Amino acid sequence: MSDTAVLAVQAPAVEGKARPGAAALAARLATLDLPAPGFGSARAEAAQRLDVMGLPGARDEYWRYTDPAPFNAARPAATNVPAREANLFADVDRLRLVFVDGVFDPQASDALEGEGLEIAMLSDAHAPDWAEALYGRLEAAGQVPVKRPFAALNTLAARHGALIRVTGKPSRPVHLFHCRSEGGADVMLHHLVRLEPGAELTLLETGGIGARSNTVIEVDLADGARFHHIASKRADDPKLGIGHIFARLGRQALFKSFALSVNGLMMRNEAVISIEGNDSVAHIAAAVLGDGEEGPFHHDDTVFITHAAERCESRQVFKKVLKNGAQGVFQGKILVKPGAQKTDGYQISQGLLLDEGSQFLAKPELEIYADDVKCSHGSTTGALDETALFYLRSRGVPRAQAVVLLVLSFLADALDEIEDESLRDQILGRLDEWLLSRATA
């Protein structure tokens, strides 16, 4: 059966089966203008995976803390478009790729060229061979043992995204700059990043993508490659989004990802990291601030790291500050496969509750099949340290500023995961600005 035929029959095929999420999937597919065949069999295979999985329901183990209904809905509710555009990293010399409501804007972007860089777009008529080989492959591998139907939906239906191949060490970062113009934009983006042996890239992401977004980034790191990813979700953007990052690490590769989220409606970030080469390192971290007073806030981080090689290190650091009924979720797992000796795996998730109405739910997991490893996890939930608060106030620091200082101190471990000091300072400055504006309002 051709790709076209496979895609064309998806909606009626799904509708006829009685399984959880089938009706919701049929309704969603009916609203989509599916793209033309491409990327070999990847889109057709994604359609088949989705047909088997359906969309998630409240009884799915990895959706027990987050209601998938807003992501299952055929269309998103329209939201206000913030008047203020993101200007984070404006002072950084970077190659900027602009997406408006999820569509690449070549006029507003820099030229798609750079030393050690090859950049194309998913929407181009002909994709590079390396992209044909990578598209949907890490997403497919990441469907076991946890089903991720929204990632398969993205592989099936995404029309836009950046295809970035790195062969050297570019002197400046690549910046995916998102902005919104429509209140009801329902966006799917699929980015591919391929780093050749010894290559290095810093990828920046900023801005609100749409009223509802579903994004996938597949990152393939060859031996000795180094990848740094820093994402900042725009503050005060009333958005609903699910993001996935799938990564595969070769020998002596390095993967580092940090995400800052400030307010919004509902966000779920899934990371699936597969360490397949010896002596590699994978770190993933996030700092989250949610204030339920400005609208319902729910933020879910779900991370799955697999160690399949020797002498590798992974680190997960997640910090969430919540108030006025905000909810935070963390689900993290370290899987150590047989033979992955000398693994060093670390996981910490912490919630700082600024009132009694907020919640932080954590589900840390370890699954180990090797006998010479060092793995640990920890999770705590607590309030501000009143002794530290009293100490600061006794030295003349106003209460509002004292609270900001303690919150920034709480988030410090996550921010320290950003290697580049200038980029870390920009993130810290944005956090400080946002916290002080709320404290003095």
# chains A, B, ... in the order shown; residues from 1 in each chain; ligands from 1
$ residues_around --residues "Val329 (chain A)" --least-positions-apart "6" --cutoff "7 Å" --atoms "only C-alpha atoms" --output "NGL selection string"
:A and (65 or 299-301 or 360-362)
$ write_last_selection --atoms "N, CA and C atoms" --output "short mmCIF file (atom, residue, chain, number, x, y, z; two decimals), in the first residue's frame"
data_model
loop_
_atom_site.label_atom_id
_atom_site.label_comp_id
_atom_site.auth_asym_id
_atom_site.auth_seq_id
_atom_site.Cartn_x
_atom_site.Cartn_y
_atom_site.Cartn_z
N TYR A 65 -1.49 11.59 36.31
CA TYR A 65 -1.41 12.88 37.00
C TYR A 65 -1.79 14.06 36.09
N HIS A 299 1.94 21.66 35.07
CA HIS A 299 3.19 21.42 34.35
C HIS A 299 3.70 20.03 34.66
N ASP A 300 3.95 19.24 33.61
CA ASP A 300 4.32 17.83 33.75
C ASP A 300 5.63 17.59 33.00
N ASP A 301 6.63 17.07 33.71
CA ASP A 301 7.87 16.63 33.07
C ASP A 301 7.95 15.12 33.20
N PHE A 360 2.64 19.22 44.28
CA PHE A 360 3.75 18.69 43.48
C PHE A 360 3.69 17.16 43.59
N LEU A 361 3.55 16.49 42.46
CA LEU A 361 3.41 15.03 42.42
C LEU A 361 4.64 14.45 41.72
N ALA A 362 5.29 13.50 42.36
CA ALA A 362 6.52 12.95 41.81
C ALA A 362 6.45 11.43 41.77
#
$ residues_around --residues "Gln426 (chain A)" --least-positions-apart "4" --cutoff "7 Å" --atoms "only C-alpha atoms" --output "list of chain:residue names"
A:Phe89, A:Ser422, A:Arg430
$ closest_residue --among "A:His190, A:His229, A:His178, A:Arg64" --to "Gly207 (chain A)" --atoms "only C-alpha atoms"
A:His178
$ residues_around --residues "Ala111 (chain A)" --least-positions-apart "5" --cutoff "12 Å" --atoms "only C-alpha atoms" --output "PyMOL selection string"
chain A and resi 94-98+105-106+117-120+174
$ write_last_selection --atoms "N, CA and C atoms" --output "PDB file, in the first residue's frame"
ATOM      1  N   ARG A  94      23.592  34.949  17.152  1.00  0.00           N
ATOM      2  CA  ARG A  94      23.055  33.613  16.847  1.00  0.00           C
ATOM      3  C   ARG A  94      22.409  33.616  15.485  1.00  0.00           C
ATOM      4  N   LEU A  95      22.210  32.413  14.943  1.00  0.00           N
ATOM      5  CA  LEU A  95      21.522  32.242  13.661  1.00  0.00           C
ATOM      6  C   LEU A  95      20.047  32.010  13.977  1.00  0.00           C
ATOM      7  N   ARG A  96      19.204  32.961  13.594  1.00  0.00           N
ATOM      8  CA  ARG A  96      17.806  32.941  14.028  1.00  0.00           C
ATOM      9  C   ARG A  96      16.890  32.375  12.946  1.00  0.00           C
ATOM     10  N   LEU A  97      16.101  31.351  13.326  1.00  0.00           N
ATOM     11  CA  LEU A  97      15.085  30.760  12.454  1.00  0.00           C
ATOM     12  C   LEU A  97      13.723  31.091  13.072  1.00  0.00           C
ATOM     13  N   VAL A  98      12.916  31.863  12.353  1.00  0.00           N
ATOM     14  CA  VAL A  98      11.657  32.370  12.910  1.00  0.00           C
ATOM     15  C   VAL A  98      10.483  31.519  12.424  1.00  0.00           C
ATOM     16  N   ASP A 105       9.201  31.427   8.625  1.00  0.00           N
ATOM     17  CA  ASP A 105       9.141  32.732   7.957  1.00  0.00           C
ATOM     18  C   ASP A 105      10.543  33.069   7.441  1.00  0.00           C
ATOM     19  N   PRO A 106      10.834  32.805   6.166  1.00  0.00           N
ATOM     20  CA  PRO A 106      12.205  33.046   5.655  1.00  0.00           C
ATOM     21  C   PRO A 106      12.577  34.520   5.639  1.00  0.00           C
ATOM     22  N   LEU A 117      27.467  23.992   9.178  1.00  0.00           N
ATOM     23  CA  LEU A 117      26.019  23.803   9.317  1.00  0.00           C
ATOM     24  C   LEU A 117      25.365  23.554   7.960  1.00  0.00           C
ATOM     25  N   GLU A 118      24.414  22.646   7.941  1.00  0.00           N
ATOM     26  CA  GLU A 118      23.534  22.479   6.782  1.00  0.00           C
ATOM     27  C   GLU A 118      22.109  22.532   7.315  1.00  0.00           C
ATOM     28  N   ILE A 119      21.307  23.479   6.802  1.00  0.00           N
ATOM     29  CA  ILE A 119      19.955  23.666   7.319  1.00  0.00           C
ATOM     30  C   ILE A 119      18.954  23.610   6.169  1.00  0.00           C
ATOM     31  N   ALA A 120      17.908  22.840   6.364  1.00  0.00           N
ATOM     32  CA  ALA A 120      16.792  22.794   5.419  1.00  0.00           C
ATOM     33  C   ALA A 120      15.503  22.805   6.232  1.00  0.00           C
ATOM     34  N   VAL A 174      22.243  28.177  17.075  1.00  0.00           N
ATOM     35  CA  VAL A 174      21.049  28.260  16.228  1.00  0.00           C
ATOM     36  C   VAL A 174      19.859  28.517  17.149  1.00  0.00           C
TER      37      VAL A 174
END
$ residues_around --residues "His283 (chain A)" --least-positions-apart "6" --cutoff "8 Å" --atoms "only C-alpha atoms" --output "PyMOL selection string"
chain A and resi 255-257+314-316+417
$ write_last_selection --atoms "C-alpha atoms" --output "compact mmCIF listing (two decimals), in the first residue's frame"
# COMPACT_ATOMS: atom_id res chain seq x y z
CA PHE A 255 23.77 15.78 25.58
CA LYS A 256 22.61 18.63 27.79
CA SER A 257 19.11 20.11 27.85
CA SER A 314 23.07 10.65 33.41
CA ARG A 315 21.67 13.43 35.57
CA GLN A 316 18.09 14.67 35.95
CA GLU A 417 23.21 22.66 34.31
$ residues_around --residues "region 265-272 of chain A" --least-positions-apart "4" --cutoff "8 Å" --atoms "only C-alpha atoms" --output "number ranges by chain"
A: 142, 238-247, 295-305
$ closest_residue --among "A:Ala222, A:Leu203, A:Val373, A:Ala127" --to "Gly250 (chain A)" --atoms "only C-alpha atoms"
A:Ala222
$ residues_around --residues "Leu192 (chain A)" --least-positions-apart "3" --cutoff "8 Å" --atoms "only C-alpha atoms" --output "list in words"
Ala131, Leu134, Tyr135, Gly161, Ala162, Leu163, Ile164, Ile217, Glu218 and Val219 of chain A
$ select_by_dssp --residues "region 118-207 of chain A" --states "strand (DSSP E)" --output "PyMOL selection string"
chain A and resi 118-121+162-166+174-179+186-195+200-206
$ atom_distance --atom1 "CA of Ser123 (chain A)" --atom2 "CA of Met188 (chain A)"
12.3 Å
$ select_by_dssp --residues "region 3-182 of chain A" --states "alpha helix (DSSP H)" --output "JSON, numbers by chain"
{"A": [3, 4, 5, 6, 7, 8, 10, 11, 12, 13, 14, 15, 22, 23, 24, 25, 26, 27, 28, 29, 30, 31, 42, 43, 44, 45, 46, 47, 48, 49, 50, 51, 52, 53, 69, 70, 71, 72, 129, 130, 131, 132, 133, 134, 137, 138, 139, 140, 141, 149, 150, 151, 152, 153, 154, 155, 156, 157]}
